[in-house]
Amino acid sequence: MHEDDEAPAGQLRSPVLDDGQPRFPWWLPLPGVLVAAAWAAYAGAAGDGGAAGAGRALLWPGPAIAVGTTVAAYFGWRLDLD
């Protein structure tokens, strides 16, 4: 937190990022994609399907995992929790 970001005494600072910071950085979907790929690899290794099982897990629930993780990362990115 910068010194010029301080709120006056008795007032809380806004938890939302400043206007100069990007709204949706290019790297934000990466955690969701990596978690979905890791889940597919686990499902393929743990199940009887092997590579086919991993492919099925990547098709579903892979997109739901990727979207859910990206949404969580987005709101975590938008909040400035110091």
# chains A, B, ... in the order shown; residues from 1 in each chain; ligands from 1
call {"tool": "residues_around", "arguments": {"residues": "region 60-65 of chain A", "least_positions_apart": "5", "cutoff": "9 Å", "atoms": "only C-alpha atoms", "output": "NGL selection string"}}
result
:A and (32-33 or 35-37 or 39-40 or 55 or 70)
call {"tool": "atom_distance", "arguments": {"atom1": "CA of Pro25 (chain A)", "atom2": "CA of Tyr42 (chain A)"}}
result
28.2 Å
call {"tool": "atom_distance", "arguments": {"atom1": "CA of Ala72 (chain A)", "atom2": "CA of Pro22 (chain A)"}}
result
16.4 Å
call {"tool": "atom_distance", "arguments": {"atom1": "CA of Ala51 (chain A)", "atom2": "CA of Ala66 (chain A)"}}
result
19.6 Å
